[in-house]
>>> print(open('query12.cif').read())   # mmCIF, C-alpha atoms
data_query
loop_
_atom_site.label_atom_id
_atom_site.label_comp_id
_atom_site.auth_asym_id
_atom_site.auth_seq_id
_atom_site.Cartn_x
_atom_site.Cartn_y
_atom_site.Cartn_z
CA MET J 138 -6.11 18.46 -19.02
CA ASP J 139 -7.08 14.90 -18.32
CA PRO J 140 -5.24 13.86 -15.14
CA LEU J 141 -5.32 10.14 -15.93
CA GLU J 142 -3.81 10.82 -19.35
CA ILE J 143 -1.10 13.07 -17.94
CA PHE J 144 -0.14 10.85 -15.05
CA GLY J 145 -0.31 7.42 -16.60
CA GLU J 146 -0.22 4.15 -14.77
CA ASP J 147 2.18 4.99 -11.97
CA ILE J 148 0.52 8.05 -10.48
CA SER J 149 -3.13 7.62 -11.56
CA PRO J 150 -3.75 4.83 -9.03
CA LEU J 151 -2.46 7.16 -6.31
CA ILE J 152 -5.21 9.65 -7.19
CA LEU J 153 -7.96 7.07 -7.47
CA GLN J 154 -6.89 5.42 -4.26
CA HIS J 155 -8.32 8.33 -2.27
CA LEU J 156 -11.82 7.67 -3.56
CA SER J 157 -14.60 5.44 -2.34
CA VAL J 158 -15.97 2.48 -4.29
CA ARG J 159 -18.84 4.67 -5.43
CA ASP J 160 -16.59 7.41 -6.75
CA ILE J 161 -14.23 5.00 -8.49
CA ILE J 162 -17.08 3.30 -10.31
CA LYS J 163 -18.53 6.67 -11.24
CA CYS J 164 -15.15 7.73 -12.63
CA SER J 165 -15.05 4.75 -14.92
CA LEU J 166 -18.02 6.34 -16.74
CA VAL J 167 -16.17 9.55 -17.63
CA SER J 168 -14.68 8.36 -20.90
CA ASN J 169 -13.52 5.26 -22.71
CA PHE J 170 -10.01 5.98 -21.57
CA TRP J 171 -11.01 6.29 -17.90
CA TYR J 172 -13.08 3.13 -18.20
CA GLU J 173 -10.04 1.23 -19.48
CA ILE J 174 -7.55 2.68 -17.01
CA ILE J 175 -9.78 2.16 -14.01
CA GLY J 176 -10.56 -1.37 -15.12
CA GLN J 177 -6.89 -2.20 -15.42
CA ASN J 178 -6.00 -0.51 -12.17
CA CYS J 179 -8.78 -2.16 -10.25
CA ALA J 180 -7.33 -5.45 -11.29
CA SER J 181 -3.84 -4.65 -10.16
CA LYS J 182 -3.01 -1.38 -8.49
CA ILE J 183 -5.99 0.06 -6.70
CA TRP J 184 -8.21 -1.37 -4.07
CA LEU J 185 -11.89 -0.83 -3.66
CA ARG J 186 -12.38 0.38 -0.13
CA PHE J 187 -15.66 0.53 1.61
CA TYR J 188 -16.25 3.80 3.38
CA GLN J 189 -20.02 3.58 3.52
CA PRO J 190 -20.65 -0.13 3.13
CA LEU J 191 -24.36 0.04 2.42
CA GLU J 192 -24.14 2.59 -0.39
CA ASP J 193 -20.98 1.08 -1.76
CA VAL J 194 -22.46 -2.39 -1.80
CA GLU J 195 -25.54 -1.09 -3.59
CA CYS J 196 -23.56 0.50 -6.39
CA LEU J 197 -21.26 -2.50 -6.78
CA MET J 198 -24.29 -4.74 -7.15
CA LYS J 199 -25.44 -2.59 -10.09
CA SER J 200 -22.09 -2.49 -11.79
CA LYS J 201 -21.56 -4.78 -14.73
CA ARG J 202 -17.83 -4.90 -14.44
CA LYS J 203 -15.83 -7.53 -12.68
CA TYR J 204 -14.02 -6.14 -9.71
CA THR J 205 -11.62 -8.41 -7.95
CA ASN J 206 -9.61 -6.28 -5.53
CA PHE J 207 -11.14 -5.43 -2.23
CA LYS J 208 -9.82 -3.74 0.81
CA ILE J 209 -11.88 -4.19 3.89
CA GLN J 210 -11.61 -2.06 6.94
CA ARG J 211 -12.90 -2.48 10.39
CA GLY J 212 -16.15 -4.25 10.93
CA PHE J 213 -17.44 -4.63 7.40
CA PRO J 214 -17.14 -8.27 6.28
CA GLU J 215 -20.68 -9.39 7.01
CA LYS J 216 -22.30 -6.49 5.21
CA LEU J 217 -20.26 -7.28 2.13
CA LEU J 218 -21.50 -10.81 1.66
CA PRO J 219 -23.69 -10.12 -1.43
CA VAL J 220 -20.82 -8.38 -3.22
CA PHE J 221 -18.55 -11.13 -2.28
CA ASN J 222 -20.83 -13.76 -3.81
CA LYS J 223 -21.28 -11.72 -6.97
CA PHE J 224 -17.65 -10.95 -7.72
CA LYS J 225 -15.77 -14.02 -6.50
CA TRP J 226 -13.03 -11.98 -4.94
CA LYS J 227 -9.48 -12.70 -5.91
CA HIS J 228 -7.42 -10.15 -4.06
CA VAL J 229 -8.32 -9.09 -0.59
CA MET J 230 -6.77 -6.88 2.03
CA LEU J 231 -8.29 -7.08 5.46
CA ARG J 232 -7.22 -4.33 7.76
CA ASP J 233 -7.25 -3.42 11.34
CA ASP J 234 -9.97 -5.62 12.67
CA ILE J 235 -8.71 -6.66 16.06
CA GLU J 236 -12.26 -6.76 17.38
CA MET J 237 -13.32 -9.53 15.03
CA SER J 238 -13.99 -12.77 16.85
CA TYR J 239 -12.09 -15.88 15.92
CA GLU J 240 -15.29 -17.57 14.73
CA LYS J 241 -16.14 -14.66 12.43
CA LEU J 242 -12.65 -14.55 10.99
CA VAL J 243 -12.76 -18.29 10.30
CA GLU J 244 -16.16 -17.92 8.65
CA PHE J 245 -14.97 -15.02 6.54
CA LEU J 246 -11.82 -16.81 5.36
CA GLN J 247 -13.73 -19.99 4.65
CA ASP J 248 -16.06 -18.01 2.37
CA LEU J 249 -13.09 -16.48 0.60
CA SER J 250 -11.00 -19.60 0.36
CA PRO J 251 -12.30 -21.12 -2.92
CA THR J 252 -11.46 -18.09 -5.13
CA ILE J 253 -8.88 -16.04 -3.32
CA GLU J 254 -5.49 -15.63 -5.04
CA SER J 255 -3.82 -13.08 -2.86
CA LEU J 256 -4.53 -12.18 0.70
CA ASP J 257 -3.10 -9.46 2.87
CA LEU J 258 -4.04 -9.46 6.53
CA TRP J 259 -3.02 -6.54 8.67
CA ASP J 260 -3.51 -6.37 12.40
CA ILE J 261 -5.99 -9.15 12.51
CA GLY J 262 -6.08 -10.54 15.97
CA THR J 263 -8.63 -11.90 18.21
CA LYS J 264 -9.44 -11.48 21.84
CA ASN J 265 -11.31 -14.74 22.18
CA ASN J 266 -10.06 -17.85 23.79
CA PHE J 267 -10.27 -20.88 21.59
CA GLU J 268 -9.55 -24.48 22.07
CA ASN J 269 -9.75 -26.04 18.65
CA LEU J 270 -7.45 -24.46 16.14
CA ILE J 271 -8.90 -24.59 12.65
CA LYS J 272 -7.00 -25.10 9.40
CA ILE J 273 -8.41 -23.80 6.12
CA ASP J 274 -7.50 -24.96 2.59
CA PHE J 275 -6.87 -22.21 0.03
CA PRO J 276 -6.77 -24.00 -3.34
CA LYS J 277 -5.96 -20.88 -5.43
CA LEU J 278 -3.96 -18.79 -3.02
CA LYS J 279 -0.65 -17.69 -4.57
CA LYS J 280 0.40 -14.86 -2.37
CA LEU J 281 0.00 -14.38 1.34
CA GLU J 282 1.02 -11.36 3.32
CA MET J 283 0.28 -11.06 7.00
CA ASN J 284 1.20 -9.60 10.30
CA LEU J 285 1.96 -12.36 12.69
CA THR J 286 -0.32 -11.59 15.56
CA THR J 287 -1.58 -14.69 17.25
CA ARG J 288 -0.93 -18.39 16.90
CA ALA J 289 -4.59 -18.98 16.23
CA VAL J 290 -4.64 -16.69 13.21
CA PHE J 291 -1.44 -18.20 11.86
CA SER J 292 -2.77 -21.73 12.28
CA LEU J 293 -5.60 -21.00 9.83
CA PHE J 294 -2.99 -21.18 7.09
CA LEU J 295 -1.65 -24.58 8.03
CA GLY J 296 -4.11 -26.25 5.66
CA HIS J 297 -3.52 -27.30 2.08
CA ASN J 298 -2.30 -24.42 -0.14
CA PRO J 299 -1.04 -26.08 -3.32
CA LYS J 300 -0.46 -22.84 -5.29
CA LEU J 301 1.10 -20.75 -2.59
CA ILE J 302 4.53 -19.51 -3.66
CA GLU J 303 5.05 -16.08 -2.17
CA VAL J 304 4.79 -15.36 1.52
CA THR J 305 5.50 -12.26 3.57
CA PHE J 306 5.34 -12.26 7.34
CA ARG J 307 5.69 -9.22 9.50
CA ASP J 308 6.09 -9.78 13.19
CA GLU J 309 3.78 -7.44 15.04
CA SER J 310 3.15 -9.70 17.99
CA MET J 311 4.58 -7.14 20.37
CA ASN J 312 1.64 -4.89 19.62
CA PHE J 313 -0.78 -7.48 20.85
CA ARG J 314 -0.07 -7.45 24.52
CA ASN J 315 -3.54 -8.56 25.50
CA VAL J 316 -2.93 -11.97 23.98
CA GLU J 317 0.68 -12.29 24.96
CA GLN J 318 0.73 -15.88 26.18
CA GLU J 319 -1.11 -17.19 23.19
CA LEU J 320 0.87 -15.72 20.48
CA MET J 321 4.57 -16.27 20.52
CA LEU J 322 4.90 -18.06 17.27
CA PRO J 323 7.35 -20.88 17.80
CA SER J 324 9.74 -21.27 14.92
CA ASN J 325 8.76 -24.95 14.57
CA LEU J 326 5.23 -23.87 13.62
CA LEU J 327 6.67 -21.60 10.95
CA HIS J 328 8.92 -24.41 9.84
CA GLU J 329 5.94 -26.73 9.57
CA PHE J 330 4.24 -24.17 7.37
CA LEU J 331 7.31 -23.88 5.13
CA ILE J 332 7.68 -27.63 4.77
CA GLN J 333 4.03 -28.14 3.88
CA ASN J 334 4.00 -25.56 1.11
CA HIS J 335 6.06 -25.01 -2.01
CA ILE J 336 7.23 -21.53 -1.17
CA GLU J 337 9.57 -19.84 -3.64
CA ILE J 338 9.77 -16.40 -2.12
CA LEU J 339 9.80 -15.77 1.60
CA LYS J 340 10.02 -12.41 3.28
CA LEU J 341 10.41 -12.09 7.02
CA LEU J 342 9.98 -8.49 8.03
CA HIS J 343 10.78 -7.24 11.51
CA CYS J 344 10.95 -10.84 12.67
CA ASP J 345 13.26 -10.40 15.56
CA TRP J 346 13.60 -14.01 16.46
CA THR J 347 16.45 -16.38 16.90
CA PHE J 348 15.46 -19.55 15.14
CA GLU J 349 16.11 -22.88 16.80
CA ASN J 350 17.32 -24.26 13.52
CA ASP J 351 17.61 -23.40 9.88
CA LEU J 352 14.15 -22.71 8.53
CA THR J 353 15.09 -23.69 5.01
CA GLN J 354 15.98 -27.25 6.02
CA GLY J 355 13.73 -29.82 4.42
CA ILE J 356 11.71 -27.30 2.46
CA SER J 357 10.85 -27.27 -1.24
CA SER J 358 13.75 -27.33 -3.65
CA ASN J 359 12.01 -24.53 -5.57
CA PHE J 360 12.94 -22.12 -2.83
CA LYS J 361 14.46 -19.13 -4.57
CA ARG J 362 14.55 -16.06 -2.45
CA LEU J 363 14.65 -15.07 1.17
CA THR J 364 14.36 -11.45 2.26
CA LEU J 365 15.00 -10.23 5.76
CA THR J 366 14.75 -6.73 7.05
CA VAL J 367 17.61 -5.38 8.99
CA THR J 368 16.06 -2.83 11.25
CA THR J 369 17.94 0.09 12.65
CA ASN J 370 16.80 -0.22 16.23
CA GLY J 371 19.32 -2.62 17.70
CA ARG J 372 17.72 -5.87 16.60
CA THR J 373 20.37 -6.36 14.01
CA THR J 374 22.35 -8.93 15.96
CA ASN J 375 19.53 -11.45 16.03
CA MET J 376 18.84 -10.91 12.38
CA LEU J 377 22.46 -11.47 11.45
CA ALA J 378 22.58 -14.67 13.50
CA ASN J 379 19.61 -15.90 11.50
CA VAL J 380 21.14 -14.92 8.22
CA CYS J 381 24.24 -16.94 9.05
CA LYS J 382 22.09 -20.03 9.58
CA PHE J 383 20.39 -19.59 6.23
CA ILE J 384 23.66 -19.02 4.47
CA LYS J 385 25.27 -22.13 5.91
CA ALA J 386 22.41 -24.43 5.02
CA ARG J 387 21.92 -23.85 1.29
CA PRO J 388 24.02 -22.94 -1.69
CA ILE J 389 23.51 -19.30 -2.59
CA LYS J 390 23.58 -17.58 -5.95
CA ASN J 391 23.61 -14.00 -4.87
CA VAL J 392 23.09 -11.72 -1.89
CA SER J 393 21.90 -8.16 -2.20
CA ALA J 394 21.11 -5.40 0.24
CA SER J 395 18.74 -2.60 -0.53
CA GLN J 396 16.84 0.16 1.12
CA GLU J 397 13.13 0.60 0.92
CA ILE J 398 12.45 2.87 -2.04
CA HIS J 399 10.16 5.19 -0.14
CA GLY J 400 10.75 6.33 3.38
CA GLY J 401 14.15 4.73 3.57
CA ARG J 402 14.02 3.58 7.17
CA THR J 403 14.27 -0.12 6.57
CA LYS J 404 17.09 -2.05 4.99
CA TYR J 405 16.41 -5.28 3.18
CA LEU J 406 18.77 -8.15 2.76
CA THR J 407 17.83 -10.56 0.01
CA ILE J 408 19.40 -13.94 -0.52
CA TYR J 409 18.90 -15.67 -3.87
CA TYR J 410 19.18 -19.42 -4.07
CA MET W 196 22.13 8.56 8.44
CA ASP W 197 21.26 10.34 11.63
CA ILE W 198 20.05 13.81 10.78
CA ASP W 199 19.65 14.87 14.37
CA ARG W 200 22.47 17.33 14.63
CA PRO W 201 22.63 20.80 16.09
CA SER W 202 23.34 22.71 12.91
CA ASP W 203 21.27 22.55 9.77
CA PRO W 204 23.67 23.35 6.94
CA GLN W 205 22.66 25.21 3.80
CA VAL W 206 22.07 23.21 0.64
CA SER W 207 21.47 24.51 -2.87
CA VAL W 208 19.37 22.98 -5.60
CA VAL W 209 19.06 24.02 -9.23
CA SER W 210 15.85 23.75 -11.24
CA SER W 211 15.63 22.43 -14.80
CA ASP W 212 15.56 26.00 -16.13
CA GLY W 213 18.70 26.94 -14.23
CA THR W 214 17.40 28.83 -11.19
CA MET W 215 19.28 28.20 -7.97
CA PHE W 216 17.42 27.84 -4.67
CA HIS W 217 18.88 27.76 -1.19
CA THR W 218 17.35 25.70 1.54
CA THR W 219 18.53 23.64 4.50
CA LEU W 220 19.70 20.04 4.75
CA LYS W 221 16.89 19.12 7.13
CA SER W 222 14.28 20.36 4.67
CA ILE W 223 15.79 18.81 1.59
CA LEU W 224 16.12 15.39 3.28
CA LEU W 225 12.33 15.12 3.16
CA SER W 226 12.96 14.16 -0.45
CA GLY W 227 13.78 10.45 -0.55
CA THR W 228 15.53 10.92 -3.87
CA ILE W 229 17.88 13.59 -2.54
CA LYS W 230 18.34 11.72 0.74
CA ASP W 231 19.62 8.73 -1.23
CA MET W 232 21.99 10.96 -3.20
CA ILE W 233 23.35 12.52 -0.03
CA GLU W 234 23.77 9.15 1.65
CA HIS W 235 25.95 8.09 -1.25
CA ILE W 236 28.16 11.12 -0.83
CA GLY W 237 28.42 10.57 2.91
CA GLU W 238 27.65 12.97 5.69
CA GLY W 239 30.99 14.70 5.61
CA GLY W 240 30.55 15.58 1.96
CA VAL W 241 27.49 17.74 2.48
CA GLU W 242 29.39 20.93 3.28
CA ASN W 243 31.57 20.62 0.21
CA MET W 244 28.82 19.44 -2.06
CA GLY W 245 27.87 21.78 -4.89
CA ALA W 246 24.33 22.69 -5.89
CA ILE W 247 22.15 19.65 -6.61
CA PRO W 248 20.75 19.70 -10.16
CA LEU W 249 17.09 18.66 -10.46
CA GLN W 250 16.53 18.20 -14.14
CA ASN W 251 12.87 17.20 -13.88
CA VAL W 252 11.60 20.12 -11.80
CA ASP W 253 11.12 23.65 -13.16
CA SER W 254 11.71 26.74 -11.05
CA LYS W 255 8.03 27.57 -10.42
CA THR W 256 7.37 24.07 -9.13
CA LEU W 257 10.61 23.86 -7.16
CA GLU W 258 9.71 27.07 -5.36
CA ILE W 259 6.41 25.48 -4.28
CA VAL W 260 8.10 22.25 -3.19
CA ILE W 261 10.68 24.15 -1.12
CA LYS W 262 7.95 26.16 0.59
CA TRP W 263 6.34 22.86 1.62
CA ILE W 264 9.46 21.03 2.79
CA GLU W 265 10.66 24.03 4.79
CA HIS W 266 7.31 24.24 6.55
CA HIS W 267 7.39 20.52 7.37
CA LYS W 268 11.10 20.02 8.04
CA ASP W 269 10.61 19.31 11.76
CA ASN W 270 7.64 17.00 11.37
CA ILE W 271 8.00 13.24 11.37
CA GLN W 272 7.35 12.04 7.86
CA PRO W 273 5.35 8.87 7.22
CA THR W 274 6.97 6.12 5.19
CA SER W 275 5.34 4.90 1.99
CA GLU W 276 4.15 1.82 3.93
CA GLU W 277 2.34 4.05 6.38
CA ILE W 278 1.00 6.28 3.60
CA LYS W 279 -0.48 3.26 1.84
CA ASP W 280 -2.94 2.72 4.67
CA LYS W 281 -3.49 6.31 5.57
CA THR W 282 -7.03 7.58 5.68
CA ALA W 283 -7.83 11.25 5.71
CA ASP W 284 -8.85 11.87 9.28
CA PHE W 285 -7.29 15.25 9.57
CA ILE W 286 -5.60 17.54 7.08
CA ASP W 287 -3.45 20.34 8.42
CA PRO W 288 -5.20 23.64 7.51
CA TRP W 289 -1.82 24.99 6.40
CA ASP W 290 -1.63 22.16 3.85
CA GLU W 291 -5.22 22.72 2.70
CA ASN W 292 -4.39 26.33 2.11
CA PHE W 293 -1.06 25.51 0.48
CA LEU W 294 -2.78 23.26 -2.07
CA GLU W 295 -5.09 26.02 -3.29
CA MET W 296 -3.53 26.42 -6.71
CA ASP W 297 -4.60 26.01 -10.31
CA LEU W 298 -4.61 22.57 -11.93
CA ASP W 299 -1.52 23.26 -13.96
CA LYS W 300 0.59 23.95 -10.89
CA LEU W 301 -0.97 21.07 -9.01
CA TYR W 302 -0.12 18.61 -11.80
CA ASN W 303 3.47 19.82 -11.83
CA LEU W 304 3.62 19.52 -8.06
CA ILE W 305 2.41 15.91 -8.19
CA THR W 306 4.99 15.02 -10.83
CA ALA W 307 7.72 16.70 -8.75
CA ALA W 308 6.64 15.06 -5.48
CA ASN W 309 6.74 11.71 -7.23
CA TYR W 310 10.16 12.34 -8.76
CA LEU W 311 11.62 13.72 -5.55
CA ASN W 312 9.94 10.94 -3.57
CA ILE W 313 8.19 12.98 -0.88
CA PRO W 314 5.45 10.51 0.16
CA GLN W 315 3.42 12.91 2.30
CA LEU W 316 3.38 15.67 -0.34
CA LEU W 317 2.48 13.16 -3.03
CA TRP W 318 -0.33 11.86 -0.85
CA LEU W 319 -1.67 15.36 -0.19
CA SER W 320 -1.47 16.55 -3.78
CA THR W 321 -3.05 13.43 -5.30
CA ARG W 322 -5.74 13.65 -2.65
CA LYS W 323 -6.45 17.21 -3.78
CA ILE W 324 -7.26 15.94 -7.29
CA ALA W 325 -9.38 13.16 -5.85
CA MET W 326 -11.36 15.70 -3.82
CA LEU W 327 -12.13 17.57 -7.05
CA ILE W 328 -13.49 14.36 -8.57
CA LYS W 329 -15.49 13.37 -5.51
CA ASN W 330 -19.19 14.28 -5.49
CA ARG W 331 -19.14 15.31 -9.14
CA THR W 332 -21.09 13.57 -11.90
CA PRO W 333 -19.16 12.10 -14.86
CA GLN W 334 -20.35 15.08 -16.95
CA GLU W 335 -19.05 17.54 -14.39
CA ILE W 336 -15.73 15.70 -14.28
CA ARG W 337 -15.49 15.95 -18.07
CA SER W 338 -16.01 19.72 -18.02
CA LEU W 339 -13.66 20.19 -15.08
CA PHE W 340 -10.76 18.51 -16.86
CA ASN W 341 -11.85 19.28 -20.39
CA ILE W 342 -12.28 15.65 -21.33
CA GLU W 343 -14.03 14.68 -24.52
CA ASP W 344 -17.11 12.52 -24.17
CA ASP W 345 -16.01 9.72 -26.47
CA TRP W 346 -18.63 7.07 -25.84
CA THR W 347 -20.12 5.59 -29.02
CA PRO W 348 -23.94 5.57 -29.34
CA GLN W 349 -23.97 1.83 -28.72
CA GLU W 350 -22.02 2.22 -25.53
CA ILE W 351 -23.96 5.21 -24.30
CA GLU W 352 -27.10 3.29 -23.53
CA ALA W 353 -25.27 0.78 -21.40
CA VAL W 354 -23.30 3.54 -19.73
CA GLN W 355 -26.39 5.57 -18.93
CA LYS W 356 -28.01 2.55 -17.42
CA GLU W 357 -25.04 1.93 -15.21
CA ASN W 358 -24.91 5.64 -14.59
CA GLN W 359 -28.36 6.03 -13.13
CA TRP W 360 -27.49 5.60 -9.53
CA CYS W 361 -24.90 8.35 -9.54
CA GLU W 362 -27.04 10.88 -11.41
CA GLU W 363 -29.88 10.32 -9.02
CA LYS W 364 -28.00 11.84 -6.15
#
>>> encode(input="query12.cif", output="structure tokens")
Amino acid sequence: MDPLEIFGEDISPLILQHLSVRDIIKCSLVSNFWYEIIGQNCASKIWLRFYQPLEDVECLMKSKRKYTNFKIQRGFPEKLLPVFNKFKWKHVMLRDDIEMSYEKLVEFLQDLSPTIESLDLWDIGTKNNFENLIKIDFPKLKKLEMNLTTRAVFSLFLGHNPKLIEVTFRDESMNFRNVEQELMLPSNLLHEFLIQNHIEILKLLHCDWTFENDLTQGISSNFKRLTLTVTTNGRTTNMLANVCKFIKARPIKNVSASQEIHGGRTKYLTIYY
Amino acid sequence: MDIDRPSDPQVSVVSSDGTMFHTTLKSILLSGTIKDMIEHIGEGGVENMGAIPLQNVDSKTLEIVIKWIEHHKDNIQPTSEEIKDKTADFIDPWDENFLEMDLDKLYNLITAANYLNIPQLLWLSTRKIAMLIKNRTPQEIRSLFNIEDDWTPQEIEAVQKENQWCEEK
């Protein structure tokens, strides 16, 4: 009983996702079918994670296939540089690296910037003090997902991103108490970001802010969809106040509310323009 | 819906082959699919609700699922968001033991956990398969799952070359 044949494209990635880079590449040598499935999944649904960077890097360097999706956990970026040059990464998740210095993060993102198409940053903060905020251009970036942690990290994305259409922000700034003064992301900075880019889809998750003004004012006419989470822990009033501002400012086609498919703790409100 | 209430009413579910099982509301709410159904009915409707038909789960598998949800009914369940980033630091020995079953049952359990939307059980059961794959050579994986070696002679050379590093170990 071939598990990948039985489970197909929805569940197979869930199995493979538990494995290291080494094991995933090894699996692609099991049969033609596995080779195909893993190839397809590596391009869309599964992420190569580095558990033992040195071994994993070694086996990736020998592989003839093109891998584009990488998930990087704490402390690995520098060790991955050869792989990174070989594969021209397109999709990257960077996780849980609050120890990374601002300089290193800037360096890492600058290396990625020419080829990267989607980027997901989770809990990336920095303890350093910095005076000059740096902006990076991402010429191919289409999709950006990030936890809003510090102003400095956010500012990196205030460069030129001509292809960027889908953006998700989660506000996690409360978890970064050590950098409290630095971070509070003023809504005008977010507004600047929205005006500069041609965003079509914007998701603001757990963003418990009251905006000074309507964020959609003056932004691209291609703007199609805004999703807000309505959390169940008493923040709802602020969220609703924000929604009212959005609704007043632009003509709306449709509004829909839905619950997260798994878990079910978060409610989403989506406004279609 | 707030499930924190003193009593934990009885709920019945029926498998695809017509066997009825009794469990409790708290346990069954671990299934996202059933939770959604119950939310549609409304809290008051639970007592008057008939047995819930589960057309995609047979009785053998449902029995296994119920054993798991009843054991975990008081534990906080991770959301799918949290599961996505979960790494296996610690697996409850009870779960390890629970997952000792033949492949056939395990496959059915995975399908059921997916259908019933029980993220933690799906995570555990898919991990179990992954652990079988881990540290095995491609040849060993083929024999484990009875997979035909379908590489053509032309491909085999290239494959073996790429294969070297994992046969060395």
>>> resolve_selection(input="query12.cif", expression="the PyMOL selection byres ((chain W and resi 206-223) around 8)", output="PyMOL selection string")
chain W and resi 198+203-205+224-226+229-230+241+245-254+257-258+261+264-265+267-269
>>> residues_around(input="query12.cif", residues="Ile183 (chain J)", least_positions_apart="3", cutoff="9 Å", atoms="only C-alpha atoms", output="list in words")
Pro150, Leu151, Leu153, Gln154, Ile175, Asn178, Cys179, Ala180, Asn206 and Phe207 of chain J
>>> resolve_selection(input="query12.cif", expression="the PyMOL selection byres ((chain J) within 7 of (chain W))", output="list of chain:residue names")
J:Met138, J:Asp139, J:Leu151, J:Ile152, J:Leu153, J:His155, J:Leu156, J:Asp160, J:Lys163, J:Cys164, J:Leu166, J:Val167, J:Ser168, J:Asn169, J:Lys199, J:Ser200, J:His399, J:Gly400
>>> axis_aligned_box(input="query12.cif", around="region 288-294 of chain W", padding_each_side="3 Å", output="lines of an AutoDock Vina configuration file")
center_x = -3.1
center_y = 24.2
center_z = 2.7
size_x = 10.2
size_y = 10.2
size_z = 15.6
>>> atom_distance(input="query12.cif", atom1="CA of Leu327 (chain W)", atom2="CA of Lys216 (chain J)")
28.9 Å
>>> atom_distance(input="query12.cif", atom1="CA of Ile261 (chain J)", atom2="CA of Val243 (chain J)")
11.6 Å
>>> build_atoms(input="query12.cif", residues="region 314-330 of chain W", atoms="N, CA and C atoms", output="PDB file, keeping the file's coordinate frame")
ATOM      1  N   PRO W 314       6.724  11.233   0.063  1.00  0.00           N
ATOM      2  CA  PRO W 314       5.450  10.510   0.160  1.00  0.00           C
ATOM      3  C   PRO W 314       4.272  11.362   0.669  1.00  0.00           C
ATOM      4  N   GLN W 315       4.504  12.133   1.713  1.00  0.00           N
ATOM      5  CA  GLN W 315       3.420  12.910   2.300  1.00  0.00           C
ATOM      6  C   GLN W 315       2.891  13.969   1.325  1.00  0.00           C
ATOM      7  N   LEU W 316       3.799  14.640   0.620  1.00  0.00           N
ATOM      8  CA  LEU W 316       3.380  15.670  -0.340  1.00  0.00           C
ATOM      9  C   LEU W 316       2.659  15.033  -1.524  1.00  0.00           C
ATOM     10  N   LEU W 317       3.130  13.872  -1.937  1.00  0.00           N
ATOM     11  CA  LEU W 317       2.480  13.160  -3.030  1.00  0.00           C
ATOM     12  C   LEU W 317       1.065  12.727  -2.614  1.00  0.00           C
ATOM     13  N   TRP W 318       0.964  12.272  -1.383  1.00  0.00           N
ATOM     14  CA  TRP W 318      -0.330  11.860  -0.850  1.00  0.00           C
ATOM     15  C   TRP W 318      -1.301  13.035  -0.819  1.00  0.00           C
ATOM     16  N   LEU W 319      -0.820  14.176  -0.298  1.00  0.00           N
ATOM     17  CA  LEU W 319      -1.670  15.360  -0.190  1.00  0.00           C
ATOM     18  C   LEU W 319      -2.100  15.891  -1.553  1.00  0.00           C
ATOM     19  N   SER W 320      -1.155  15.937  -2.489  1.00  0.00           N
ATOM     20  CA  SER W 320      -1.470  16.550  -3.780  1.00  0.00           C
ATOM     21  C   SER W 320      -2.360  15.645  -4.636  1.00  0.00           C
ATOM     22  N   THR W 321      -2.149  14.320  -4.552  1.00  0.00           N
ATOM     23  CA  THR W 321      -3.050  13.430  -5.300  1.00  0.00           C
ATOM     24  C   THR W 321      -4.438  13.441  -4.659  1.00  0.00           C
ATOM     25  N   ARG W 322      -4.462  13.574  -3.342  1.00  0.00           N
ATOM     26  CA  ARG W 322      -5.740  13.650  -2.650  1.00  0.00           C
ATOM     27  C   ARG W 322      -6.521  14.876  -3.110  1.00  0.00           C
ATOM     28  N   LYS W 323      -5.806  15.968  -3.328  1.00  0.00           N
ATOM     29  CA  LYS W 323      -6.450  17.210  -3.780  1.00  0.00           C
ATOM     30  C   LYS W 323      -7.215  16.964  -5.096  1.00  0.00           C
ATOM     31  N   ILE W 324      -6.578  16.265  -6.021  1.00  0.00           N
ATOM     32  CA  ILE W 324      -7.260  15.940  -7.290  1.00  0.00           C
ATOM     33  C   ILE W 324      -8.478  15.058  -7.031  1.00  0.00           C
ATOM     34  N   ALA W 325      -8.273  14.068  -6.164  1.00  0.00           N
ATOM     35  CA  ALA W 325      -9.380  13.160  -5.850  1.00  0.00           C
ATOM     36  C   ALA W 325     -10.565  13.916  -5.261  1.00  0.00           C
ATOM     37  N   MET W 326     -10.277  14.924  -4.438  1.00  0.00           N
ATOM     38  CA  MET W 326     -11.360  15.700  -3.820  1.00  0.00           C
ATOM     39  C   MET W 326     -12.132  16.512  -4.864  1.00  0.00           C
ATOM     40  N   LEU W 327     -11.441  16.867  -5.966  1.00  0.00           N
ATOM     41  CA  LEU W 327     -12.130  17.570  -7.050  1.00  0.00           C
ATOM     42  C   LEU W 327     -13.088  16.626  -7.784  1.00  0.00           C
ATOM     43  N   ILE W 328     -12.694  15.359  -7.850  1.00  0.00           N
ATOM     44  CA  ILE W 328     -13.490  14.360  -8.570  1.00  0.00           C
ATOM     45  C   ILE W 328     -14.702  13.940  -7.742  1.00  0.00           C
ATOM     46  N   LYS W 329     -14.468  13.833  -6.441  1.00  0.00           N
ATOM     47  CA  LYS W 329     -15.490  13.370  -5.510  1.00  0.00           C
ATOM     48  C   LYS W 329     -16.759  14.225  -5.602  1.00  0.00           C
ATOM     49  N   ASN W 330     -17.891  13.588  -5.465  1.00  0.00           N
ATOM     50  CA  ASN W 330     -19.190  14.280  -5.490  1.00  0.00           C
ATOM     51  C   ASN W 330     -19.503  15.020  -6.796  1.00  0.00           C
TER      52      ASN W 330
END
